[in-house]
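**Student:** You'll find query_32.cif just under this line, and it carries mmCIF, N, CA and C atoms.
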```cif
data_run
#
loop_
_atom_site.label_atom_id
_atom_site.label_comp_id
_atom_site.auth_asym_id
_atom_site.auth_seq_id
_atom_site.Cartn_x
_atom_site.Cartn_y
_atom_site.Cartn_z
N MET A 1 -14.15 -32.15 10.43
CA MET A 1 -13.42 -30.89 10.36
C MET A 1 -12.63 -30.66 11.64
N GLY A 2 -13.10 -31.14 12.78
CA GLY A 2 -12.46 -30.91 14.05
C GLY A 2 -11.09 -31.56 14.16
N SER A 3 -10.80 -32.59 13.37
CA SER A 3 -9.53 -33.28 13.49
C SER A 3 -8.44 -32.70 12.59
N LYS A 4 -8.80 -31.81 11.69
CA LYS A 4 -7.80 -31.21 10.81
C LYS A 4 -6.92 -30.24 11.59
N VAL A 5 -5.64 -30.23 11.21
CA VAL A 5 -4.66 -29.36 11.85
C VAL A 5 -4.15 -28.36 10.81
N LEU A 6 -4.01 -27.11 11.24
CA LEU A 6 -3.38 -26.09 10.41
C LEU A 6 -1.89 -26.14 10.71
N ARG A 7 -1.11 -26.64 9.75
CA ARG A 7 0.33 -26.75 9.92
C ARG A 7 1.01 -25.61 9.16
N VAL A 8 1.83 -24.85 9.89
CA VAL A 8 2.50 -23.70 9.30
C VAL A 8 4.00 -23.89 9.42
N ARG A 9 4.68 -23.78 8.29
CA ARG A 9 6.14 -23.86 8.27
C ARG A 9 6.67 -22.46 7.97
N MET A 10 7.51 -21.97 8.87
CA MET A 10 8.10 -20.65 8.68
C MET A 10 9.63 -20.73 8.61
N LEU A 11 10.19 -21.81 9.12
CA LEU A 11 11.64 -21.98 9.09
C LEU A 11 12.04 -22.60 7.76
N GLY A 12 12.90 -21.93 7.02
CA GLY A 12 13.35 -22.45 5.73
C GLY A 12 12.36 -22.22 4.60
N GLY A 13 11.43 -21.33 4.78
CA GLY A 13 10.41 -21.04 3.77
C GLY A 13 9.05 -21.01 4.43
N PHE A 14 8.09 -20.42 3.76
CA PHE A 14 6.75 -20.28 4.33
C PHE A 14 5.76 -21.13 3.56
N SER A 15 5.04 -21.98 4.29
CA SER A 15 3.96 -22.75 3.68
C SER A 15 2.94 -23.08 4.77
N MET A 16 1.71 -23.30 4.32
CA MET A 16 0.62 -23.65 5.23
C MET A 16 -0.19 -24.79 4.62
N TYR A 17 -0.59 -25.72 5.49
CA TYR A 17 -1.46 -26.82 5.08
C TYR A 17 -2.57 -26.94 6.10
N TYR A 18 -3.77 -27.11 5.62
CA TYR A 18 -4.90 -27.40 6.48
C TYR A 18 -5.29 -28.84 6.20
N GLY A 19 -4.98 -29.71 7.14
CA GLY A 19 -5.08 -31.14 6.87
C GLY A 19 -4.01 -31.48 5.85
N GLU A 20 -4.41 -32.07 4.76
CA GLU A 20 -3.47 -32.41 3.69
C GLU A 20 -3.48 -31.37 2.57
N ASP A 21 -4.36 -30.39 2.65
CA ASP A 21 -4.53 -29.42 1.57
C ASP A 21 -3.69 -28.17 1.79
N PRO A 22 -2.95 -27.75 0.75
CA PRO A 22 -2.18 -26.51 0.90
C PRO A 22 -3.10 -25.30 1.02
N VAL A 23 -2.69 -24.34 1.83
CA VAL A 23 -3.41 -23.07 1.94
C VAL A 23 -2.69 -22.11 1.01
N VAL A 24 -3.37 -21.71 -0.05
CA VAL A 24 -2.77 -20.89 -1.09
C VAL A 24 -3.50 -19.56 -1.16
N PHE A 25 -2.74 -18.49 -1.14
CA PHE A 25 -3.28 -17.14 -1.24
C PHE A 25 -3.16 -16.64 -2.66
N ASN A 26 -4.03 -15.72 -3.03
CA ASN A 26 -3.84 -14.99 -4.28
C ASN A 26 -2.64 -14.08 -4.08
N LYS A 27 -1.79 -13.98 -5.09
CA LYS A 27 -0.60 -13.13 -5.03
C LYS A 27 0.24 -13.46 -3.79
N MET A 28 0.53 -14.72 -3.58
CA MET A 28 1.21 -15.20 -2.37
C MET A 28 2.57 -14.53 -2.15
N GLY A 29 3.33 -14.34 -3.18
CA GLY A 29 4.71 -13.86 -3.10
C GLY A 29 5.06 -13.00 -1.92
N SER A 30 5.04 -11.71 -2.11
CA SER A 30 5.44 -10.80 -1.05
C SER A 30 4.28 -9.90 -0.65
N SER A 31 3.09 -10.41 -0.77
CA SER A 31 1.92 -9.58 -0.48
C SER A 31 1.90 -9.16 0.99
N LYS A 32 1.29 -8.03 1.22
CA LYS A 32 1.17 -7.52 2.59
C LYS A 32 0.34 -8.45 3.47
N SER A 33 -0.63 -9.13 2.88
CA SER A 33 -1.46 -10.06 3.67
C SER A 33 -0.60 -11.17 4.26
N VAL A 34 0.28 -11.72 3.45
CA VAL A 34 1.16 -12.79 3.92
C VAL A 34 2.14 -12.25 4.95
N ARG A 35 2.68 -11.07 4.71
CA ARG A 35 3.59 -10.47 5.69
C ARG A 35 2.88 -10.22 7.02
N LEU A 36 1.65 -9.74 6.96
CA LEU A 36 0.85 -9.54 8.18
C LEU A 36 0.66 -10.87 8.90
N LEU A 37 0.27 -11.90 8.16
CA LEU A 37 0.06 -13.21 8.77
C LEU A 37 1.34 -13.72 9.42
N GLN A 38 2.46 -13.57 8.76
CA GLN A 38 3.73 -14.03 9.33
C GLN A 38 4.07 -13.28 10.61
N MET A 39 3.85 -11.97 10.64
CA MET A 39 4.13 -11.20 11.85
C MET A 39 3.22 -11.63 12.99
N LEU A 40 1.95 -11.89 12.68
CA LEU A 40 1.01 -12.34 13.71
C LEU A 40 1.42 -13.70 14.24
N LEU A 41 1.84 -14.60 13.36
CA LEU A 41 2.26 -15.93 13.79
C LEU A 41 3.54 -15.88 14.62
N LEU A 42 4.47 -15.01 14.25
CA LEU A 42 5.71 -14.89 15.02
C LEU A 42 5.47 -14.26 16.39
N SER A 43 4.36 -13.54 16.52
CA SER A 43 4.02 -12.88 17.78
C SER A 43 2.88 -13.61 18.48
N LEU A 44 2.79 -14.89 18.28
CA LEU A 44 1.64 -15.66 18.74
C LEU A 44 1.42 -15.56 20.25
N LYS A 45 2.50 -15.59 21.02
CA LYS A 45 2.36 -15.60 22.49
C LYS A 45 1.76 -14.31 23.03
N ASN A 46 2.31 -13.17 22.62
CA ASN A 46 1.94 -11.89 23.23
C ASN A 46 1.19 -10.95 22.31
N GLY A 47 1.09 -11.28 21.04
CA GLY A 47 0.48 -10.36 20.09
C GLY A 47 1.48 -9.30 19.66
N ILE A 48 1.02 -8.42 18.79
CA ILE A 48 1.88 -7.35 18.27
C ILE A 48 1.03 -6.08 18.16
N SER A 49 1.61 -4.95 18.49
CA SER A 49 0.84 -3.71 18.50
C SER A 49 0.49 -3.28 17.07
N LYS A 50 -0.64 -2.60 16.96
CA LYS A 50 -1.05 -2.09 15.66
C LYS A 50 -0.01 -1.11 15.12
N SER A 51 0.54 -0.29 15.99
CA SER A 51 1.53 0.70 15.53
C SER A 51 2.78 0.00 14.98
N GLU A 52 3.19 -1.11 15.58
CA GLU A 52 4.35 -1.85 15.08
C GLU A 52 4.03 -2.49 13.73
N LEU A 53 2.81 -3.01 13.60
CA LEU A 53 2.40 -3.57 12.31
C LEU A 53 2.38 -2.50 11.23
N ILE A 54 1.82 -1.34 11.55
CA ILE A 54 1.75 -0.24 10.58
C ILE A 54 3.16 0.17 10.16
N ASP A 55 4.04 0.31 11.13
CA ASP A 55 5.41 0.71 10.83
C ASP A 55 6.10 -0.33 9.95
N ASN A 56 5.94 -1.63 10.28
CA ASN A 56 6.59 -2.69 9.51
C ASN A 56 5.99 -2.88 8.12
N LEU A 57 4.69 -2.70 8.00
CA LEU A 57 4.03 -2.94 6.71
C LEU A 57 4.07 -1.73 5.79
N TYR A 58 3.99 -0.53 6.38
CA TYR A 58 3.86 0.67 5.57
C TYR A 58 5.00 1.67 5.77
N GLY A 59 5.78 1.48 6.82
CA GLY A 59 6.86 2.41 7.08
C GLY A 59 6.39 3.75 7.60
N TRP A 60 5.18 3.78 8.14
CA TRP A 60 4.62 5.04 8.66
C TRP A 60 4.72 5.04 10.17
N ASN A 61 5.47 5.98 10.68
CA ASN A 61 5.55 6.08 12.13
C ASN A 61 5.37 7.52 12.62
N GLU A 62 4.99 8.39 11.73
CA GLU A 62 4.72 9.77 12.12
C GLU A 62 3.24 9.92 12.46
N LYS A 63 2.95 10.83 13.36
CA LYS A 63 1.58 10.99 13.87
C LYS A 63 0.57 11.29 12.76
N GLN A 64 0.93 12.16 11.81
CA GLN A 64 -0.03 12.53 10.77
C GLN A 64 -0.38 11.34 9.87
N ASP A 65 0.49 10.35 9.79
CA ASP A 65 0.24 9.19 8.95
C ASP A 65 -0.50 8.08 9.71
N MET A 66 -0.57 8.16 11.03
CA MET A 66 -1.10 7.05 11.83
C MET A 66 -2.56 6.75 11.51
N ALA A 67 -3.39 7.78 11.33
CA ALA A 67 -4.80 7.54 11.03
C ALA A 67 -4.94 6.81 9.69
N ASN A 68 -4.18 7.24 8.70
CA ASN A 68 -4.19 6.58 7.40
C ASN A 68 -3.66 5.15 7.51
N GLY A 69 -2.58 4.98 8.26
CA GLY A 69 -2.01 3.65 8.47
C GLY A 69 -2.97 2.73 9.19
N ASN A 70 -3.70 3.26 10.17
CA ASN A 70 -4.67 2.46 10.91
C ASN A 70 -5.79 1.98 9.99
N LYS A 71 -6.26 2.88 9.13
CA LYS A 71 -7.31 2.52 8.17
C LYS A 71 -6.81 1.44 7.21
N ASN A 72 -5.59 1.62 6.70
CA ASN A 72 -5.02 0.63 5.79
C ASN A 72 -4.82 -0.71 6.46
N LEU A 73 -4.35 -0.70 7.72
CA LEU A 73 -4.16 -1.96 8.44
C LEU A 73 -5.49 -2.66 8.68
N ASN A 74 -6.51 -1.92 9.07
CA ASN A 74 -7.84 -2.53 9.27
C ASN A 74 -8.34 -3.18 7.99
N ASN A 75 -8.13 -2.51 6.85
CA ASN A 75 -8.53 -3.09 5.56
C ASN A 75 -7.72 -4.34 5.25
N LEU A 76 -6.43 -4.31 5.55
CA LEU A 76 -5.58 -5.46 5.31
C LEU A 76 -5.98 -6.65 6.18
N ILE A 77 -6.32 -6.39 7.44
CA ILE A 77 -6.78 -7.46 8.33
C ILE A 77 -8.06 -8.08 7.79
N TYR A 78 -8.97 -7.25 7.30
CA TYR A 78 -10.21 -7.75 6.72
C TYR A 78 -9.92 -8.63 5.50
N ARG A 79 -9.01 -8.18 4.62
CA ARG A 79 -8.66 -8.96 3.43
C ARG A 79 -7.99 -10.28 3.81
N LEU A 80 -7.12 -10.25 4.83
CA LEU A 80 -6.45 -11.48 5.29
C LEU A 80 -7.47 -12.50 5.75
N LYS A 81 -8.44 -12.07 6.55
CA LYS A 81 -9.48 -12.99 7.02
C LYS A 81 -10.21 -13.63 5.85
N LYS A 82 -10.57 -12.82 4.87
CA LYS A 82 -11.28 -13.32 3.69
C LYS A 82 -10.41 -14.29 2.90
N GLN A 83 -9.12 -13.99 2.76
CA GLN A 83 -8.21 -14.87 2.03
C GLN A 83 -8.05 -16.21 2.74
N LEU A 84 -7.96 -16.20 4.07
CA LEU A 84 -7.81 -17.45 4.81
C LEU A 84 -9.04 -18.33 4.60
N ILE A 85 -10.21 -17.73 4.66
CA ILE A 85 -11.45 -18.49 4.49
C ILE A 85 -11.57 -18.99 3.05
N SER A 86 -11.26 -18.13 2.09
CA SER A 86 -11.39 -18.55 0.69
C SER A 86 -10.34 -19.59 0.30
N SER A 87 -9.27 -19.71 1.08
CA SER A 87 -8.24 -20.70 0.79
C SER A 87 -8.56 -22.07 1.39
N GLY A 88 -9.69 -22.19 2.07
CA GLY A 88 -10.10 -23.49 2.56
C GLY A 88 -10.19 -23.64 4.07
N LEU A 89 -9.81 -22.60 4.81
CA LEU A 89 -9.94 -22.68 6.26
C LEU A 89 -11.39 -22.42 6.66
N PRO A 90 -11.82 -22.96 7.80
CA PRO A 90 -13.20 -22.72 8.24
C PRO A 90 -13.45 -21.25 8.57
N ASP A 91 -14.71 -20.84 8.54
CA ASP A 91 -15.07 -19.48 8.93
C ASP A 91 -14.53 -19.16 10.31
N GLY A 92 -14.04 -17.96 10.48
CA GLY A 92 -13.52 -17.53 11.76
C GLY A 92 -12.99 -16.13 11.67
N GLU A 93 -12.65 -15.56 12.79
CA GLU A 93 -12.11 -14.20 12.81
C GLU A 93 -10.64 -14.16 12.43
N TYR A 94 -9.83 -15.05 12.99
CA TYR A 94 -8.41 -15.20 12.72
C TYR A 94 -7.53 -14.07 13.23
N VAL A 95 -8.02 -12.85 13.29
CA VAL A 95 -7.23 -11.75 13.84
C VAL A 95 -8.07 -11.05 14.89
N ALA A 96 -7.55 -11.02 16.11
CA ALA A 96 -8.24 -10.32 17.20
C ALA A 96 -7.48 -9.04 17.50
N ILE A 97 -8.24 -7.99 17.81
CA ILE A 97 -7.64 -6.70 18.18
C ILE A 97 -8.20 -6.32 19.54
N ASN A 98 -7.31 -6.21 20.53
CA ASN A 98 -7.70 -5.82 21.88
C ASN A 98 -6.72 -4.80 22.41
N ASP A 99 -7.23 -3.63 22.78
CA ASP A 99 -6.40 -2.56 23.36
C ASP A 99 -5.17 -2.25 22.50
N GLY A 100 -5.36 -2.17 21.19
CA GLY A 100 -4.27 -1.82 20.29
C GLY A 100 -3.31 -2.94 19.97
N MET A 101 -3.59 -4.13 20.48
CA MET A 101 -2.74 -5.29 20.23
C MET A 101 -3.47 -6.25 19.30
N CYS A 102 -2.76 -6.76 18.31
CA CYS A 102 -3.32 -7.72 17.35
C CYS A 102 -2.74 -9.10 17.64
N SER A 103 -3.58 -10.11 17.48
CA SER A 103 -3.10 -11.48 17.66
C SER A 103 -3.82 -12.41 16.71
N PHE A 104 -3.14 -13.50 16.36
CA PHE A 104 -3.72 -14.51 15.50
C PHE A 104 -4.55 -15.44 16.36
N GLN A 105 -5.79 -15.64 15.97
CA GLN A 105 -6.69 -16.51 16.71
C GLN A 105 -7.22 -17.56 15.76
N CYS A 106 -6.89 -18.78 16.06
CA CYS A 106 -7.24 -19.88 15.17
C CYS A 106 -8.23 -20.79 15.87
N GLY A 107 -9.35 -21.06 15.21
CA GLY A 107 -10.36 -21.93 15.79
C GLY A 107 -10.08 -23.40 15.56
N VAL A 108 -8.97 -23.72 14.90
CA VAL A 108 -8.59 -25.11 14.66
C VAL A 108 -7.23 -25.36 15.32
N ALA A 109 -6.87 -26.62 15.44
CA ALA A 109 -5.56 -26.96 16.01
C ALA A 109 -4.47 -26.36 15.12
N LEU A 110 -3.46 -25.75 15.74
CA LEU A 110 -2.39 -25.07 15.03
C LEU A 110 -1.06 -25.71 15.38
N GLU A 111 -0.32 -26.09 14.37
CA GLU A 111 1.04 -26.61 14.54
C GLU A 111 1.98 -25.67 13.82
N LEU A 112 2.76 -24.94 14.59
CA LEU A 112 3.63 -23.90 14.06
C LEU A 112 5.08 -24.31 14.31
N ASP A 113 5.88 -24.45 13.26
CA ASP A 113 7.24 -24.96 13.44
C ASP A 113 8.10 -24.05 14.32
N THR A 114 7.88 -22.75 14.28
CA THR A 114 8.68 -21.86 15.14
C THR A 114 8.35 -22.09 16.61
N ARG A 115 7.10 -22.37 16.90
CA ARG A 115 6.70 -22.65 18.28
C ARG A 115 7.28 -23.99 18.74
N LEU A 116 7.24 -25.00 17.87
CA LEU A 116 7.83 -26.30 18.20
C LEU A 116 9.33 -26.16 18.45
N PHE A 117 10.00 -25.33 17.66
CA PHE A 117 11.42 -25.10 17.83
C PHE A 117 11.70 -24.43 19.18
N GLU A 118 10.92 -23.40 19.51
CA GLU A 118 11.09 -22.71 20.80
C GLU A 118 10.88 -23.66 21.96
N GLU A 119 9.88 -24.52 21.87
CA GLU A 119 9.61 -25.49 22.94
C GLU A 119 10.77 -26.48 23.08
N ALA A 120 11.36 -26.91 21.96
CA ALA A 120 12.50 -27.82 22.00
C ALA A 120 13.70 -27.15 22.65
N VAL A 121 13.93 -25.87 22.34
CA VAL A 121 15.04 -25.14 22.94
C VAL A 121 14.83 -25.00 24.45
N GLU A 122 13.60 -24.66 24.86
CA GLU A 122 13.31 -24.53 26.30
C GLU A 122 13.51 -25.85 27.02
N LYS A 123 13.09 -26.93 26.41
CA LYS A 123 13.26 -28.27 27.01
C LYS A 123 14.74 -28.61 27.14
N ALA A 124 15.51 -28.31 26.11
CA ALA A 124 16.95 -28.58 26.15
C ALA A 124 17.63 -27.74 27.22
N GLN A 125 17.20 -26.48 27.35
CA GLN A 125 17.79 -25.62 28.38
C GLN A 125 17.49 -26.15 29.78
N LYS A 126 16.27 -26.63 29.98
CA LYS A 126 15.91 -27.19 31.29
C LYS A 126 16.75 -28.44 31.58
N MET A 127 16.92 -29.28 30.58
CA MET A 127 17.71 -30.50 30.77
C MET A 127 19.16 -30.15 31.05
N TYR A 128 19.68 -29.16 30.37
CA TYR A 128 21.07 -28.74 30.54
C TYR A 128 21.29 -28.21 31.96
N ARG A 129 20.28 -27.50 32.46
CA ARG A 129 20.37 -26.92 33.81
C ARG A 129 20.04 -27.95 34.88
N GLY A 130 19.65 -29.14 34.47
CA GLY A 130 19.32 -30.19 35.42
C GLY A 130 17.89 -30.14 35.92
N GLY A 131 17.03 -29.42 35.20
CA GLY A 131 15.66 -29.28 35.66
C GLY A 131 14.69 -30.22 34.99
N GLY A 132 15.12 -31.15 34.20
CA GLY A 132 14.12 -31.95 33.55
C GLY A 132 14.57 -33.23 33.06
#
```
For this file, produce the structure as structure tokens.

**Tutor:**
Amino acid sequence: MGSKVLRVRMLGGFSMYYGEDPVVFNKMGSSKSVRLLQMLLLSLKNGISKSELIDNLYGWNEKQDMANGNKNLNNLIYRLKKQLISSGLPDGEYVAINDGMCSFQCGVALELDTRLFEEAVEKAQKMYRGGG
């Protein structure tokens, strides 16, 4: 199990593979769980605030809605964790919440095409500037 890699493609479409097996969610289409996962993956370096997630997922940014939005987001995070595990990934938390910031935490090797793309751009910029 330690040698399997979670490969995530976000450029040109969204797909996930754990080893050679596709990671398939129930109601994959435009479900909030998948949207949450995508936002967490795109914010891998620094995380994303709960309030930003609530606003993006539910469109609630008024104070009276925040408590309801927070409850809904916590439920969605719980469902996402369960979906990841039921789709074949090993047991794990997958979403960490610290000081109002959410981040994707993967206990297996993660290969994310957006991260590979960013690294290639940074390398090209360094070479262009004569730094590498």

**Student:** How would you write, as a ChimeraX atom specification, the residues chosen by the PyMOL selection byres (((chain A and resi 113 and name CA) around 8) and name CA) on this structure?

**Tutor:** /A:7-11,111-112,114-117

**Student:** Those same residues - N, CA and C atoms - I'd like them written as a short mmCIF file (atom, residue, chain, number, x, y, z; two decimals), in the coordinates of the input.

**Tutor:**
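Result file is selection18.cif:
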```
data_model
loop_
_atom_site.label_atom_id
_atom_site.label_comp_id
_atom_site.auth_asym_id
_atom_site.auth_seq_id
_atom_site.Cartn_x
_atom_site.Cartn_y
_atom_site.Cartn_z
N ARG A 7 -1.11 -26.64 9.75
CA ARG A 7 0.33 -26.75 9.92
C ARG A 7 1.01 -25.61 9.16
N VAL A 8 1.83 -24.85 9.89
CA VAL A 8 2.50 -23.70 9.30
C VAL A 8 4.00 -23.89 9.42
N ARG A 9 4.68 -23.78 8.29
CA ARG A 9 6.14 -23.86 8.27
C ARG A 9 6.67 -22.46 7.97
N MET A 10 7.51 -21.97 8.87
CA MET A 10 8.10 -20.65 8.68
C MET A 10 9.63 -20.73 8.61
N LEU A 11 10.19 -21.81 9.12
CA LEU A 11 11.64 -21.98 9.09
C LEU A 11 12.04 -22.60 7.76
N GLU A 111 -0.32 -26.09 14.37
CA GLU A 111 1.04 -26.61 14.54
C GLU A 111 1.98 -25.67 13.82
N LEU A 112 2.76 -24.94 14.59
CA LEU A 112 3.63 -23.90 14.06
C LEU A 112 5.08 -24.31 14.31
N THR A 114 7.88 -22.75 14.28
CA THR A 114 8.68 -21.86 15.14
C THR A 114 8.35 -22.09 16.61
N ARG A 115 7.10 -22.37 16.90
CA ARG A 115 6.70 -22.65 18.28
C ARG A 115 7.28 -23.99 18.74
N LEU A 116 7.24 -25.00 17.87
CA LEU A 116 7.83 -26.30 18.20
C LEU A 116 9.33 -26.16 18.45
N PHE A 117 10.00 -25.33 17.66
CA PHE A 117 11.42 -25.10 17.83
C PHE A 117 11.70 -24.43 19.18
#
```

**Student:** Write out as a compact mmCIF listing (two decimals) with N, CA and C atoms, in the frame of the given file the set of residues from chain A that DSSP, computed on the backbone, places in helix (DSSP H, G or I).

**Tutor:**
```
# COMPACT_ATOMS: atom_id res chain seq x y z
N LYS A 32 1.29 -8.03 1.22
CA LYS A 32 1.17 -7.52 2.59
C LYS A 32 0.34 -8.45 3.47
N SER A 33 -0.63 -9.13 2.88
CA SER A 33 -1.46 -10.06 3.67
C SER A 33 -0.60 -11.17 4.26
N VAL A 34 0.28 -11.72 3.45
CA VAL A 34 1.16 -12.79 3.92
C VAL A 34 2.14 -12.25 4.95
N ARG A 35 2.68 -11.07 4.71
CA ARG A 35 3.59 -10.47 5.69
C ARG A 35 2.88 -10.22 7.02
N LEU A 36 1.65 -9.74 6.96
CA LEU A 36 0.85 -9.54 8.18
C LEU A 36 0.66 -10.87 8.90
N LEU A 37 0.27 -11.90 8.16
CA LEU A 37 0.06 -13.21 8.77
C LEU A 37 1.34 -13.72 9.42
N GLN A 38 2.46 -13.57 8.76
CA GLN A 38 3.73 -14.03 9.33
C GLN A 38 4.07 -13.28 10.61
N MET A 39 3.85 -11.97 10.64
CA MET A 39 4.13 -11.20 11.85
C MET A 39 3.22 -11.63 12.99
N LEU A 40 1.95 -11.89 12.68
CA LEU A 40 1.01 -12.34 13.71
C LEU A 40 1.42 -13.70 14.24
N LEU A 41 1.84 -14.60 13.36
CA LEU A 41 2.26 -15.93 13.79
C LEU A 41 3.54 -15.88 14.62
N LEU A 42 4.47 -15.01 14.25
CA LEU A 42 5.71 -14.89 15.02
C LEU A 42 5.47 -14.26 16.39
N LYS A 50 -0.64 -2.60 16.96
CA LYS A 50 -1.05 -2.09 15.66
C LYS A 50 -0.01 -1.11 15.12
N SER A 51 0.54 -0.29 15.99
CA SER A 51 1.53 0.70 15.53
C SER A 51 2.78 0.00 14.98
N GLU A 52 3.19 -1.11 15.58
CA GLU A 52 4.35 -1.85 15.08
C GLU A 52 4.03 -2.49 13.73
N LEU A 53 2.81 -3.01 13.60
CA LEU A 53 2.40 -3.57 12.31
C LEU A 53 2.38 -2.50 11.23
N ILE A 54 1.82 -1.34 11.55
CA ILE A 54 1.75 -0.24 10.58
C ILE A 54 3.16 0.17 10.16
N ASP A 55 4.04 0.31 11.13
CA ASP A 55 5.41 0.71 10.83
C ASP A 55 6.10 -0.33 9.95
N ASN A 56 5.94 -1.63 10.28
CA ASN A 56 6.59 -2.69 9.51
C ASN A 56 5.99 -2.88 8.12
N LEU A 57 4.69 -2.70 8.00
CA LEU A 57 4.03 -2.94 6.71
C LEU A 57 4.07 -1.73 5.79
N TYR A 58 3.99 -0.53 6.38
CA TYR A 58 3.86 0.67 5.57
C TYR A 58 5.00 1.67 5.77
N LYS A 63 2.95 10.83 13.36
CA LYS A 63 1.58 10.99 13.87
C LYS A 63 0.57 11.29 12.76
N GLN A 64 0.93 12.16 11.81
CA GLN A 64 -0.03 12.53 10.77
C GLN A 64 -0.38 11.34 9.87
N ASP A 65 0.49 10.35 9.79
CA ASP A 65 0.24 9.19 8.95
C ASP A 65 -0.50 8.08 9.71
N MET A 66 -0.57 8.16 11.03
CA MET A 66 -1.10 7.05 11.83
C MET A 66 -2.56 6.75 11.51
N ALA A 67 -3.39 7.78 11.33
CA ALA A 67 -4.80 7.54 11.03
C ALA A 67 -4.94 6.81 9.69
N ASN A 68 -4.18 7.24 8.70
CA ASN A 68 -4.19 6.58 7.40
C ASN A 68 -3.66 5.15 7.51
N GLY A 69 -2.58 4.98 8.26
CA GLY A 69 -2.01 3.65 8.47
C GLY A 69 -2.97 2.73 9.19
N ASN A 70 -3.70 3.26 10.17
CA ASN A 70 -4.67 2.46 10.91
C ASN A 70 -5.79 1.98 9.99
N LYS A 71 -6.26 2.88 9.13
CA LYS A 71 -7.31 2.52 8.17
C LYS A 71 -6.81 1.44 7.21
N ASN A 72 -5.59 1.62 6.70
CA ASN A 72 -5.02 0.63 5.79
C ASN A 72 -4.82 -0.71 6.46
N LEU A 73 -4.35 -0.70 7.72
CA LEU A 73 -4.16 -1.96 8.44
C LEU A 73 -5.49 -2.66 8.68
N ASN A 74 -6.51 -1.92 9.07
CA ASN A 74 -7.84 -2.53 9.27
C ASN A 74 -8.34 -3.18 7.99
N ASN A 75 -8.13 -2.51 6.85
CA ASN A 75 -8.53 -3.09 5.56
C ASN A 75 -7.72 -4.34 5.25
N LEU A 76 -6.43 -4.31 5.55
CA LEU A 76 -5.58 -5.46 5.31
C LEU A 76 -5.98 -6.65 6.18
N ILE A 77 -6.32 -6.39 7.44
CA ILE A 77 -6.78 -7.46 8.33
C ILE A 77 -8.06 -8.08 7.79
N TYR A 78 -8.97 -7.25 7.30
CA TYR A 78 -10.21 -7.75 6.72
C TYR A 78 -9.92 -8.63 5.50
N ARG A 79 -9.01 -8.18 4.62
CA ARG A 79 -8.66 -8.96 3.43
C ARG A 79 -7.99 -10.28 3.81
N LEU A 80 -7.12 -10.25 4.83
CA LEU A 80 -6.45 -11.48 5.29
C LEU A 80 -7.47 -12.50 5.75
N LYS A 81 -8.44 -12.07 6.55
CA LYS A 81 -9.48 -12.99 7.02
C LYS A 81 -10.21 -13.63 5.85
N LYS A 82 -10.57 -12.82 4.87
CA LYS A 82 -11.28 -13.32 3.69
C LYS A 82 -10.41 -14.29 2.90
N GLN A 83 -9.12 -13.99 2.76
CA GLN A 83 -8.21 -14.87 2.03
C GLN A 83 -8.05 -16.21 2.74
N LEU A 84 -7.96 -16.20 4.07
CA LEU A 84 -7.81 -17.45 4.81
C LEU A 84 -9.04 -18.33 4.60
N ILE A 85 -10.21 -17.73 4.66
CA ILE A 85 -11.45 -18.49 4.49
C ILE A 85 -11.57 -18.99 3.05
N SER A 86 -11.26 -18.13 2.09
CA SER A 86 -11.39 -18.55 0.69
C SER A 86 -10.34 -19.59 0.30
N ASP A 113 5.88 -24.45 13.26
CA ASP A 113 7.24 -24.96 13.44
C ASP A 113 8.10 -24.05 14.32
N THR A 114 7.88 -22.75 14.28
CA THR A 114 8.68 -21.86 15.14
C THR A 114 8.35 -22.09 16.61
N ARG A 115 7.10 -22.37 16.90
CA ARG A 115 6.70 -22.65 18.28
C ARG A 115 7.28 -23.99 18.74
N LEU A 116 7.24 -25.00 17.87
CA LEU A 116 7.83 -26.30 18.20
C LEU A 116 9.33 -26.16 18.45
N PHE A 117 10.00 -25.33 17.66
CA PHE A 117 11.42 -25.10 17.83
C PHE A 117 11.70 -24.43 19.18
N GLU A 118 10.92 -23.40 19.51
CA GLU A 118 11.09 -22.71 20.80
C GLU A 118 10.88 -23.66 21.96
N GLU A 119 9.88 -24.52 21.87
CA GLU A 119 9.61 -25.49 22.94
C GLU A 119 10.77 -26.48 23.08
N ALA A 120 11.36 -26.91 21.96
CA ALA A 120 12.50 -27.82 22.00
C ALA A 120 13.70 -27.15 22.65
N VAL A 121 13.93 -25.87 22.34
CA VAL A 121 15.04 -25.14 22.94
C VAL A 121 14.83 -25.00 24.45
N GLU A 122 13.60 -24.66 24.86
CA GLU A 122 13.31 -24.53 26.30
C GLU A 122 13.51 -25.85 27.02
N LYS A 123 13.09 -26.93 26.41
CA LYS A 123 13.26 -28.27 27.01
C LYS A 123 14.74 -28.61 27.14
N ALA A 124 15.51 -28.31 26.11
CA ALA A 124 16.95 -28.58 26.15
C ALA A 124 17.63 -27.74 27.22
N GLN A 125 17.20 -26.48 27.35
CA GLN A 125 17.79 -25.62 28.38
C GLN A 125 17.49 -26.15 29.78
N LYS A 126 16.27 -26.63 29.98
CA LYS A 126 15.91 -27.19 31.29
C LYS A 126 16.75 -28.44 31.58
N MET A 127 16.92 -29.28 30.58
CA MET A 127 17.71 -30.50 30.77
C MET A 127 19.16 -30.15 31.05
N TYR A 128 19.68 -29.16 30.37
CA TYR A 128 21.07 -28.74 30.54
C TYR A 128 21.29 -28.21 31.96
```

**Student:** Just give me the gap between atom CA of A:Ser15 and atom N of A:Met101 in Å, one decimal is fine.

**Tutor:** 26.2 Å

**Student:** Taking the file as shown, what set of residues would the PyMOL selection byres (((chain A and resi 105 and name CA) around 6) and name CA) give back, as a list in words?

**Tutor:**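 Checked against the file, the PyMOL selection byres (((chain A and resi 105 and name CA) around 6) and name CA) matches Tyr94, Val95, Phe104 and Cys106 of chain A.
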
**Student:** According to DSSP computed on the backbone, where in stretch 31-124 of chain A is there strand (DSSP E or B)? Give the residues as a count of residues only.

**Tutor:** 16

**Student:** Which neighbours of stretch 35-51 of chain A fall inside 6 Å, counting all atoms listed in the file, when residues of the same chain fewer than 2 positions from it are skipped, and could you give them as number ranges by chain?

**Tutor:** A: 30-33, 53-56, 100-104

**Student:** Rounded to one decimal place, report the atom CA of A:Tyr58-atom CA of A:Ile77 distance in Å.

**Tutor:**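 Computing the Euclidean distance for atom CA of A:Tyr58 and atom CA of A:Ile77 yields 13.7 Å.
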